[in-house]
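Have a look at target14.txt below; it lists compact mmCIF, C-alpha atoms.
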```
# COMPACT_ATOMS: atom_id res chain seq x y z
CA MET A 1368 111.00 68.00 106.70
CA ALA A 1369 114.37 69.69 106.27
CA LEU A 1370 115.38 72.96 104.66
CA VAL A 1371 118.07 72.23 102.09
CA ARG A 1372 120.50 74.91 100.90
CA THR A 1373 120.13 75.93 97.25
CA SER A 1374 121.63 78.45 94.88
CA PRO A 1375 119.75 81.76 95.09
CA ILE A 1376 116.19 81.59 93.73
CA LEU A 1377 114.39 84.86 93.08
CA TYR A 1378 110.67 84.80 93.85
CA PRO A 1379 108.28 85.85 92.46
CA ILE A 1380 109.67 87.33 89.21
CA ARG A 1381 107.25 88.58 86.58
CA GLY A 1382 107.80 90.31 83.28
CA GLY A 1383 108.58 87.39 80.99
CA HIS A 1384 111.46 85.02 80.34
CA ALA A 1385 114.16 87.53 81.27
CA GLY A 1386 112.18 88.65 84.27
CA ALA A 1387 113.48 91.40 86.47
CA VAL A 1388 116.98 91.25 85.01
CA ASN A 1389 115.91 92.81 81.72
CA ASN A 1390 115.03 96.45 81.12
CA ASN A 1391 112.90 97.50 84.08
CA GLY A 1392 111.53 94.01 84.63
CA GLY A 1393 108.98 94.07 81.85
CA SER A 1394 109.03 96.63 79.08
CA PHE A 1395 107.37 95.94 75.74
CA SER A 1396 108.54 94.90 72.31
CA SER A 1397 106.12 95.16 69.40
CA ALA A 1398 105.56 93.12 66.25
CA VAL A 1399 104.06 95.65 63.84
CA LEU A 1400 101.55 94.50 61.21
CA THR A 1401 101.70 96.83 58.19
CA THR A 1402 100.63 94.62 55.27
CA SER A 1403 97.83 92.14 54.61
CA THR A 1404 100.27 89.22 54.87
CA ASP A 1405 102.05 90.24 58.09
CA MET A 1406 101.51 87.87 61.02
CA ALA A 1407 102.62 88.15 64.63
CA HIS A 1408 103.20 84.75 66.25
CA GLN A 1409 103.65 84.02 69.98
CA THR A 1410 104.59 80.40 70.59
CA GLY A 1411 105.38 78.16 73.56
CA ARG A 1412 104.02 75.68 76.08
CA ALA A 1413 100.60 76.54 77.47
CA ARG A 1414 100.31 76.38 81.28
CA TRP A 1415 96.96 76.63 83.03
CA SER A 1416 96.98 78.00 86.57
CA ASP A 1417 95.94 74.59 87.98
CA GLY A 1418 98.13 72.52 85.65
CA GLY A 1419 95.08 70.79 84.19
CA THR A 1420 93.26 70.47 80.88
CA HIS A 1421 90.79 73.15 79.83
CA THR A 1422 88.77 74.37 76.87
CA CYS A 1423 90.18 77.72 75.79
CA SER A 1424 87.43 80.10 74.70
CA LYS A 1425 89.18 83.49 74.86
CA VAL A 1426 92.61 84.96 74.11
CA HIS A 1427 93.84 88.26 75.56
CA LEU A 1428 96.57 90.29 73.83
CA VAL A 1429 97.96 93.82 74.22
CA THR A 1430 98.30 96.44 71.48
CA GLY A 1431 100.69 99.30 70.98
CA ALA A 1432 100.07 101.92 68.31
CA VAL A 1433 97.03 101.17 66.14
CA SER A 1434 95.82 102.86 62.98
CA ILE A 1435 93.17 100.95 61.00
CA GLY A 1436 90.17 101.85 58.91
CA PRO A 1437 86.50 101.16 59.72
CA ALA A 1438 86.41 98.27 57.24
CA SER A 1439 89.59 96.63 58.55
CA ILE A 1440 89.50 93.31 60.42
CA VAL A 1441 92.20 92.00 62.77
CA ARG A 1442 92.14 88.23 63.20
CA VAL A 1443 93.43 86.83 66.52
CA GLY A 1444 93.58 83.17 67.47
CA PHE A 1445 95.43 79.88 67.24
CA GLN A 1446 97.43 78.49 64.34
CA GLY A 1447 99.09 75.14 63.86
CA ILE A 1448 102.85 74.98 64.44
CA HIS A 1449 105.11 75.47 61.43
CA ALA A 1450 106.91 72.30 60.37
CA THR A 1451 110.46 73.65 60.70
CA SER A 1452 110.22 76.80 62.84
CA PRO A 1453 108.70 77.63 66.26
CA ARG A 1454 105.93 79.86 64.87
CA GLY A 1455 102.50 79.58 63.30
CA ASP A 1456 101.98 77.74 60.01
CA GLY A 1457 99.94 80.60 58.54
CA THR A 1458 96.49 79.01 58.90
CA PHE A 1459 94.12 80.02 61.69
CA THR A 1460 92.16 77.17 63.30
CA ASN A 1461 90.39 78.83 66.25
CA PHE A 1462 90.01 82.61 66.02
CA ASP A 1463 87.99 85.78 66.31
CA ASP A 1464 87.76 88.65 63.81
CA LEU A 1465 87.98 92.02 65.56
CA THR A 1466 86.66 95.28 64.18
CA GLN A 1467 88.21 98.74 64.46
CA ALA A 1468 86.30 99.45 67.68
CA GLU A 1469 87.58 96.22 69.23
CA VAL A 1470 91.27 97.02 68.61
CA PRO A 1471 92.06 100.26 70.47
CA ALA A 1472 95.65 101.44 70.77
CA ASN A 1473 97.77 100.70 73.85
CA SER A 1474 95.10 98.46 75.36
CA LYS A 1475 94.18 94.92 76.20
CA ILE A 1476 92.20 93.31 73.40
CA LEU A 1477 89.99 90.25 73.73
CA ALA A 1478 89.38 87.58 71.09
CA THR A 1479 86.37 85.36 71.82
CA LEU A 1480 87.05 82.27 69.74
CA GLY A 1481 84.41 81.15 67.27
CA ALA A 1482 85.56 77.58 67.86
CA THR A 1483 87.01 76.67 71.26
CA LYS A 1484 90.26 74.76 71.66
CA SER A 1485 91.03 72.01 74.19
CA ILE A 1486 94.49 72.55 75.66
CA VAL A 1487 96.44 70.33 78.04
CA SER A 1488 99.03 72.07 80.23
CA GLY A 1489 102.30 71.59 78.38
CA ASP A 1490 100.81 71.63 74.89
CA LEU A 1491 102.81 73.56 72.31
CA VAL A 1492 100.56 76.36 71.04
CA CYS A 1493 100.81 79.42 68.83
CA VAL A 1494 98.67 82.55 69.19
CA SER A 1495 98.77 84.72 66.06
CA ALA A 1496 97.40 88.03 64.79
CA GLN A 1497 96.88 89.30 61.23
CA ILE A 1498 95.01 92.16 59.50
CA VAL A 1499 92.87 90.00 57.20
CA ASN A 1500 90.75 92.85 55.83
CA PHE A 1501 93.51 95.30 55.06
CA THR A 1502 93.04 98.96 54.21
CA ALA A 1503 95.88 101.05 52.83
CA ALA A 1504 98.10 102.47 55.60
CA ASP A 1505 96.73 100.09 58.27
CA SER A 1506 99.13 99.42 61.12
CA VAL A 1507 98.71 97.37 64.32
CA SER A 1508 101.39 96.76 66.97
CA ILE A 1509 101.09 93.53 68.96
CA ARG A 1510 103.01 93.86 72.20
CA ALA A 1511 105.16 91.14 73.74
CA ALA A 1512 107.53 91.11 76.72
CA LEU A 1513 110.92 92.54 75.85
CA PHE A 1514 113.89 90.15 75.72
CA PRO A 1515 117.54 90.97 74.90
CA THR A 1516 117.60 88.73 71.81
CA ALA A 1517 115.27 86.49 69.84
CA ALA A 1518 114.44 83.61 72.18
CA GLN A 1519 114.35 79.99 71.02
CA MET A 1520 111.35 78.94 73.13
CA PRO A 1521 109.04 80.53 73.98
CA THR A 1522 109.24 82.71 70.90
CA VAL A 1523 107.76 85.74 69.20
CA PHE A 1524 107.93 85.92 65.41
CA LEU A 1525 106.94 88.56 62.90
CA ASN A 1526 106.33 86.48 59.79
CA ALA A 1527 109.47 84.30 59.53
CA THR A 1528 111.72 86.55 61.62
CA GLY A 1529 112.36 85.95 65.31
CA GLN A 1530 111.86 88.99 67.51
CA GLY A 1531 113.64 90.12 70.69
CA ALA A 1532 110.63 89.23 72.82
CA VAL A 1533 108.71 86.49 74.60
CA PRO A 1534 104.90 86.00 74.64
CA ASN A 1535 102.55 88.39 76.40
CA VAL A 1536 99.38 86.30 76.07
CA LEU A 1537 96.63 85.36 78.50
CA LEU A 1538 94.49 82.29 77.82
CA GLU A 1539 91.01 82.05 79.32
CA ALA A 1540 89.01 78.82 79.55
CA ASN A 1541 85.24 78.56 79.38
CA ASP A 1542 85.23 77.68 83.11
CA GLY A 1543 87.11 80.88 84.01
CA THR A 1544 90.57 79.31 84.47
CA PHE A 1545 93.47 81.44 83.24
CA GLY A 1546 96.72 80.36 81.62
CA ILE A 1547 99.80 81.81 79.94
CA ILE A 1548 102.50 80.65 77.56
CA GLU A 1549 105.21 79.43 79.92
CA GLY A 1550 108.23 81.71 80.03
CA GLY A 1551 106.08 84.66 79.02
CA ASP A 1552 103.76 86.78 81.12
CA PHE A 1553 100.72 89.00 80.76
CA PHE A 1554 100.76 92.70 81.57
CA VAL A 1555 99.12 95.65 79.86
CA GLY A 1556 101.32 98.43 81.18
CA THR A 1557 104.81 98.94 82.56
CA ASP A 1558 106.30 101.88 84.37
CA ASP A 1559 109.84 102.44 85.65
CA GLY A 1560 108.76 105.79 87.03
CA PRO A 1561 106.27 105.21 89.86
CA ASN A 1562 108.79 107.23 91.84
CA TRP A 1563 108.26 108.51 95.35
CA ASP A 1564 110.14 110.17 98.20
CA SER A 1565 109.79 110.86 101.92
CA GLY A 1566 107.28 113.63 101.26
CA SER A 1567 104.91 111.52 99.14
CA GLY A 1568 101.41 110.85 100.42
CA THR A 1569 102.32 107.16 100.82
CA PRO A 1570 106.07 107.07 101.40
CA GLU A 1571 106.18 103.35 102.27
CA ARG A 1572 105.45 101.23 99.21
CA GLY A 1573 106.01 97.64 98.22
CA VAL A 1574 104.30 94.28 97.72
CA SER A 1575 102.51 91.57 99.62
CA LEU A 1576 103.17 87.95 98.66
CA ARG A 1577 102.93 84.37 99.82
CA VAL A 1578 105.41 81.56 99.26
CA PRO A 1579 104.02 78.21 98.03
CA PHE A 1580 106.44 76.19 100.18
CA LYS A 1581 108.42 76.42 103.38
CA CYS A 1582 111.71 78.13 102.64
CA LYS A 1583 114.48 80.35 103.95
CA VAL A 1584 115.29 83.75 102.48
CA ASN A 1585 118.50 85.75 102.88
CA GLY A 1586 117.84 88.76 100.65
CA ILE A 1587 115.45 91.05 98.83
CA TRP A 1588 115.57 91.90 95.13
CA ALA A 1589 114.15 94.85 93.18
CA ALA A 1590 113.90 95.48 89.43
CA GLY A 1591 114.33 98.81 87.68
CA PHE A 1592 115.64 100.13 90.99
CA ARG A 1593 117.53 103.37 91.45
CA LEU A 1594 117.71 106.54 93.49
CA ALA A 1595 117.53 109.82 91.60
CA THR A 1596 120.76 111.20 93.11
CA THR A 1597 123.65 109.98 95.22
CA THR A 1598 122.39 111.86 98.27
CA GLY A 1599 119.22 109.79 98.74
CA ALA A 1600 118.61 107.25 101.49
CA LEU A 1601 115.95 104.67 102.22
CA THR A 1602 114.73 101.96 104.58
CA VAL A 1603 113.79 98.47 103.38
CA ARG A 1604 111.51 96.29 105.52
CA ALA A 1605 110.11 92.78 105.48
CA TYR A 1606 106.87 91.95 107.33
CA SER A 1607 104.74 88.99 108.23
CA ASP A 1608 100.91 89.25 108.29
CA VAL A 1609 101.31 92.46 106.34
CA LEU A 1610 97.63 92.75 105.34
CA THR A 1611 96.22 92.29 108.86
CA THR A 1612 98.61 93.02 111.72
CA PRO A 1613 102.00 93.84 110.17
CA THR A 1614 104.89 92.48 112.20
CA THR A 1615 108.35 93.66 111.20
CA LEU A 1616 110.72 90.75 110.50
CA VAL A 1617 113.73 92.78 109.45
CA THR A 1618 114.69 96.40 108.73
CA VAL A 1619 117.64 97.34 106.53
CA SER A 1620 119.08 100.76 105.75
CA PRO A 1621 121.37 100.10 102.76
CA THR A 1622 124.76 101.78 102.71
CA TRP A 1623 126.20 103.41 99.61
CA ASN A 1624 128.44 100.47 98.80
CA GLU A 1625 125.23 98.41 98.47
CA MET A 1626 123.52 100.72 95.96
CA CYS A 1627 123.99 102.63 92.74
CA ALA A 1628 122.27 105.98 92.27
CA ALA A 1629 121.72 108.58 89.57
CA VAL A 1630 122.15 105.97 86.85
CA SER A 1631 119.83 104.14 84.46
CA SER A 1632 117.10 102.18 86.20
CA HIS A 1633 117.55 99.32 83.71
CA ARG A 1634 119.07 97.20 86.42
CA PHE A 1635 118.52 94.50 88.97
CA TRP A 1636 119.32 94.97 92.66
CA MET A 1637 119.84 92.45 95.45
CA LEU A 1638 120.05 93.45 99.11
CA PRO A 1639 121.20 90.92 101.74
CA LEU A 1640 119.21 90.54 104.94
CA PRO A 1641 121.10 90.78 108.23
CA VAL A 1642 119.31 87.65 109.50
CA GLU A 1643 118.09 84.77 107.35
CA GLN A 1644 114.32 84.32 107.69
CA THR A 1645 112.16 81.19 107.50
CA LEU A 1646 108.92 81.69 105.57
CA LEU A 1647 105.81 79.52 105.65
CA PRO A 1648 102.93 79.09 103.19
CA SER A 1649 99.57 80.81 103.80
CA ILE A 1650 101.14 83.87 105.43
CA ASP A 1651 100.99 87.26 103.75
CA TYR A 1652 104.53 88.59 103.80
CA GLY A 1653 105.41 92.14 102.84
CA ILE A 1654 108.42 93.89 101.37
CA THR A 1655 108.53 97.69 101.35
CA ILE A 1656 110.87 100.53 100.47
CA GLN A 1657 110.57 103.88 102.23
CA PRO A 1658 112.74 106.85 101.19
CA THR A 1659 113.99 108.87 104.15
CA THR A 1660 114.91 111.98 102.13
CA SER A 1661 113.24 114.06 99.41
CA ILE A 1662 115.20 112.13 96.76
CA ASN A 1663 113.01 109.90 94.57
CA VAL A 1664 113.36 106.12 94.50
CA TYR A 1665 112.30 104.15 91.42
CA VAL A 1666 111.09 100.54 91.20
CA THR A 1667 109.48 99.02 88.11
CA GLU A 1668 105.74 98.55 88.25
CA LEU A 1669 103.70 96.12 86.14
CA ASN A 1670 99.99 96.60 85.50
CA HIS A 1671 98.19 93.29 84.92
CA HIS A 1672 94.80 94.91 84.17
CA THR A 1673 92.60 92.61 86.28
CA ALA A 1674 93.37 91.15 89.69
CA GLY A 1675 92.11 87.67 88.79
CA TYR A 1676 94.60 87.37 85.93
CA GLY A 1677 97.28 86.90 88.57
CA ALA A 1678 96.09 83.30 89.02
CA ALA A 1679 98.04 82.38 85.88
CA LEU A 1680 101.19 84.30 86.85
CA VAL A 1681 104.08 83.69 89.22
CA GLY A 1682 103.03 84.59 92.75
CA GLU A 1683 99.37 84.13 91.79
CA THR A 1684 96.78 86.55 93.18
CA THR A 1685 98.59 87.03 96.51
CA TYR A 1686 101.36 89.09 94.83
CA LYS A 1687 100.13 92.70 94.77
CA ARG A 1688 101.16 96.29 95.39
CA ILE A 1689 100.79 97.86 98.85
CA SER A 1690 101.37 101.37 100.20
CA ARG A 1691 100.76 103.48 103.29
CA ALA A 1692 101.55 106.65 105.15
CA SER A 1693 100.75 104.96 108.47
CA GLY A 1694 98.37 102.34 109.81
CA ALA A 1695 96.99 99.68 107.47
CA PHE A 1696 98.37 99.21 103.99
CA THR A 1697 96.28 100.07 100.95
CA VAL A 1698 96.26 97.25 98.38
CA ASP A 1699 96.14 97.48 94.57
CA ALA A 1700 95.60 93.90 93.38
CA THR A 1701 95.96 94.80 89.68
CA LYS A 1702 99.58 95.92 89.96
CA THR A 1703 102.91 94.74 91.33
CA LEU A 1704 106.07 96.63 92.13
CA GLN A 1705 108.92 94.38 91.09
CA LEU A 1706 110.09 93.29 94.55
CA GLY A 1707 110.64 89.85 95.99
CA PHE A 1708 112.69 87.56 98.19
CA VAL A 1709 115.98 85.77 97.49
CA ILE A 1710 115.32 82.16 98.52
CA SER A 1711 118.35 80.45 100.06
CA ALA A 1712 116.92 77.08 101.19
CA LEU A 1713 113.92 74.92 100.24
CA ASP A 1714 111.99 72.26 102.10
CA ASP A 1715 113.13 68.86 100.81
CA GLY A 1716 109.61 67.40 101.13
CA THR A 1717 110.80 64.51 103.31
CA ALA A 1718 108.65 63.72 106.34
CA SER A 1719 110.35 63.75 109.73
CA GLY A 1720 109.94 61.03 112.32
CA GLY A 1721 109.92 57.27 111.98
CA LEU A 1722 107.33 54.62 111.29
CA MET A 1723 104.03 54.55 113.19
CA THR A 1724 104.01 52.27 116.23
CA HIS A 1725 101.16 50.75 118.24
CA PRO A 1726 101.08 52.04 121.84
CA GLY A 1727 99.64 48.84 123.27
CA MET A 1728 96.47 48.66 125.38
CA SER A 1729 96.12 52.45 125.67
CA GLY A 1730 94.89 52.59 122.06
CA GLY A 1731 95.60 55.01 119.23
CA MET A 1732 98.74 55.21 117.15
CA ARG A 1733 102.04 57.00 117.60
CA GLY A 1734 104.15 58.41 114.77
```
Re-express the file's structure as structure tokens.
Amino acid sequence: MALVRTSPILYPIRGGHAGAVNNNGGSFSSAVLTTSTDMAHQTGRARWSDGGTHTCSKVHLVTGAVSIGPASIVRVGFQGIHATSPRGDGTFTNFDDLTQAEVPANSKILATLGATKSIVSGDLVCVSAQIVNFTAADSVSIRAALFPTAAQMPTVFLNATGQGAVPNVLLEANDGTFGIIEGGDFFVGTDDGPNWDSGSGTPERGVSLRVPFKCKVNGIWAAGFRLATTTGALTVRAYSDVLTTPTTLVTVSPTWNEMCAAVSSHRFWMLPLPVEQTLLPSIDYGITIQPTTSINVYVTELNHHTAGYGAALVGETTYKRISRASGAFTVDATKTLQLGFVISALDDGTASGGLMTHPGMSGGMRG
């Protein structure tokens, strides 16, 4: 097989359709339900982690601010697709009614569907929420992944109005398989301030990841990246076998004409590697940033709530946060700092070698 040059591919980017490019790599936008007729719709193509067909029995969403009475009911579930707009048609088909205690603020909420729904990967689906038992002054924010403008597909709608967001929905099948709405994501918290410096207890922080294919990489990217002042400095490293016996592949100390500092962290950063690297599947690679001064560095962090949810997300469950002072890295499988590789070449999938030939009387085959 041959590695074929491609335009830069950033892997693995989480945080929704806009990914790392947009506002810290994954901040929230909220559709706020404040009347009995308000509905939040999140629509797009369902994708199961294995690309198969599954029976969806649960839907996970994330709330923002919530203020509802003890008699209020929030309905969460599937609706049919509106005839002329990429949103729900207003009628729930598979849903769960959640009480006040089941809809806490700023939390993951879980709808266990009264009637399950068979979904094929690629099906167009809509997950909706509505306060069906409404009490005066009720208000529920349904959080989605922030996007610069209202996206065409996947979409988030509040009633008939498109929102500047993409879906933040996790689907769960009755066999435990997870899925998302493609182009969206699922995270319950975001932080552009997990900042650290050379004096922190774990000054070297980053991510472990695997690539799903043989590839070459010529850079590293970071989202929500900045240094607190223009006098900071740092070291960036890439490792192989980072979770067992870390072996340094490359070390880079960026110069000031490769960075911006003391500015908004709503940005996306790419750092070239001095030597292009070839990566292979099934190896745990690592990317870390270590400040070398007392000046803080910032990189966006996403909290996905449960490690297993990563199966439905880009990078799957091998993409997770790591940190250390020295020795072995400590792993947090529920979170990711927004770091990854810039892929410069991909395996073309073509086998090398010619046709198999018979070796004669010695037996066996040659290829």
Inset, instruction - Measuring atom to atom with only C-alpha atoms, identify which of A:Thr1602, A:Gln1446, A:Thr1684, A:Thr1596 is nearest to Ser1416 in chain A. - result: A:Thr1684
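Between CA of Val1441 in chain A and CA of Gln1530 in chain A lies a distance of 20.4 Å.
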Legend entry - Distance criterion (all atoms listed in the file): nearest to Lys1484 in chain A out of A:Gln1497, A:Asn1663, A:Asn1541, A:Thr1422: A:Thr1422
Inset, instruction - Would you list the residues near (112.8, 89.1, 74.8) (no more than 8 Å away, in the coordinates of the file, using only C-alpha atoms) as a list in words? - result: Gly1383, His1384, Ala1385, Ser1396, Ala1511, Ala1512, Leu1513, Phe1514, Pro1515, Thr1516, Ala1517, Ala1518, Gln1530, Gly1531, Ala1532 and Val1533 of chain A
Legend entry - Neighbour list for Thr1685 in chain A as a ChimeraX atom specification, cut-off 7 Å, all atoms listed in the file, skip fewer than 4 positions in-chain: /A:1575-1577
Output for the residues just chosen: C-alpha atoms as a compact mmCIF listing (two decimals), in the frame of the given file:
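Final output, selection13.txt:
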```txt
# COMPACT_ATOMS: atom_id res chain seq x y z
CA SER A 1575 102.51 91.57 99.62
CA LEU A 1576 103.17 87.95 98.66
CA ARG A 1577 102.93 84.37 99.82
```
Inset, instruction - Point out the residue among A:Gly1489, A:Gly1543, A:Phe1554, A:Ala1595 with the least atom-to-atom distance to Arg1412 in chain A, counting all atoms listed in the file. - result: A:Gly1489
Inset, instruction - Would you mind telling me which residue in A:Ser1403, A:Thr1703, A:Asn1624, A:Ser1711 lies nearest to Thr1373 in chain A when using all atoms listed in the file? - result: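 Closest residue, counting all atoms listed in the file: A:Ser1711.
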Legend entry - Residue among A:Ser1434, A:Val1499, A:Val1487, A:Ser1394 lying closest to Pro1471 in chain A, counting all atoms listed in the file: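 Of A:Ser1434, A:Val1499, A:Val1487, A:Ser1394, the one nearest Pro1471 in chain A, counting all atoms listed in the file, is A:Ser1434.
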Legend entry - Within 9 Å of Leu1428 in chain A using all atoms listed in the file, minus same-chain residues under 3 positions, as a list in words: Val1443, Ser1474, Lys1475, Ile1476, Leu1477, Ala1478, Ile1509, Arg1510, Ala1511, Asn1535, Val1536, Leu1537, Phe1553 and Val1555 of chain A
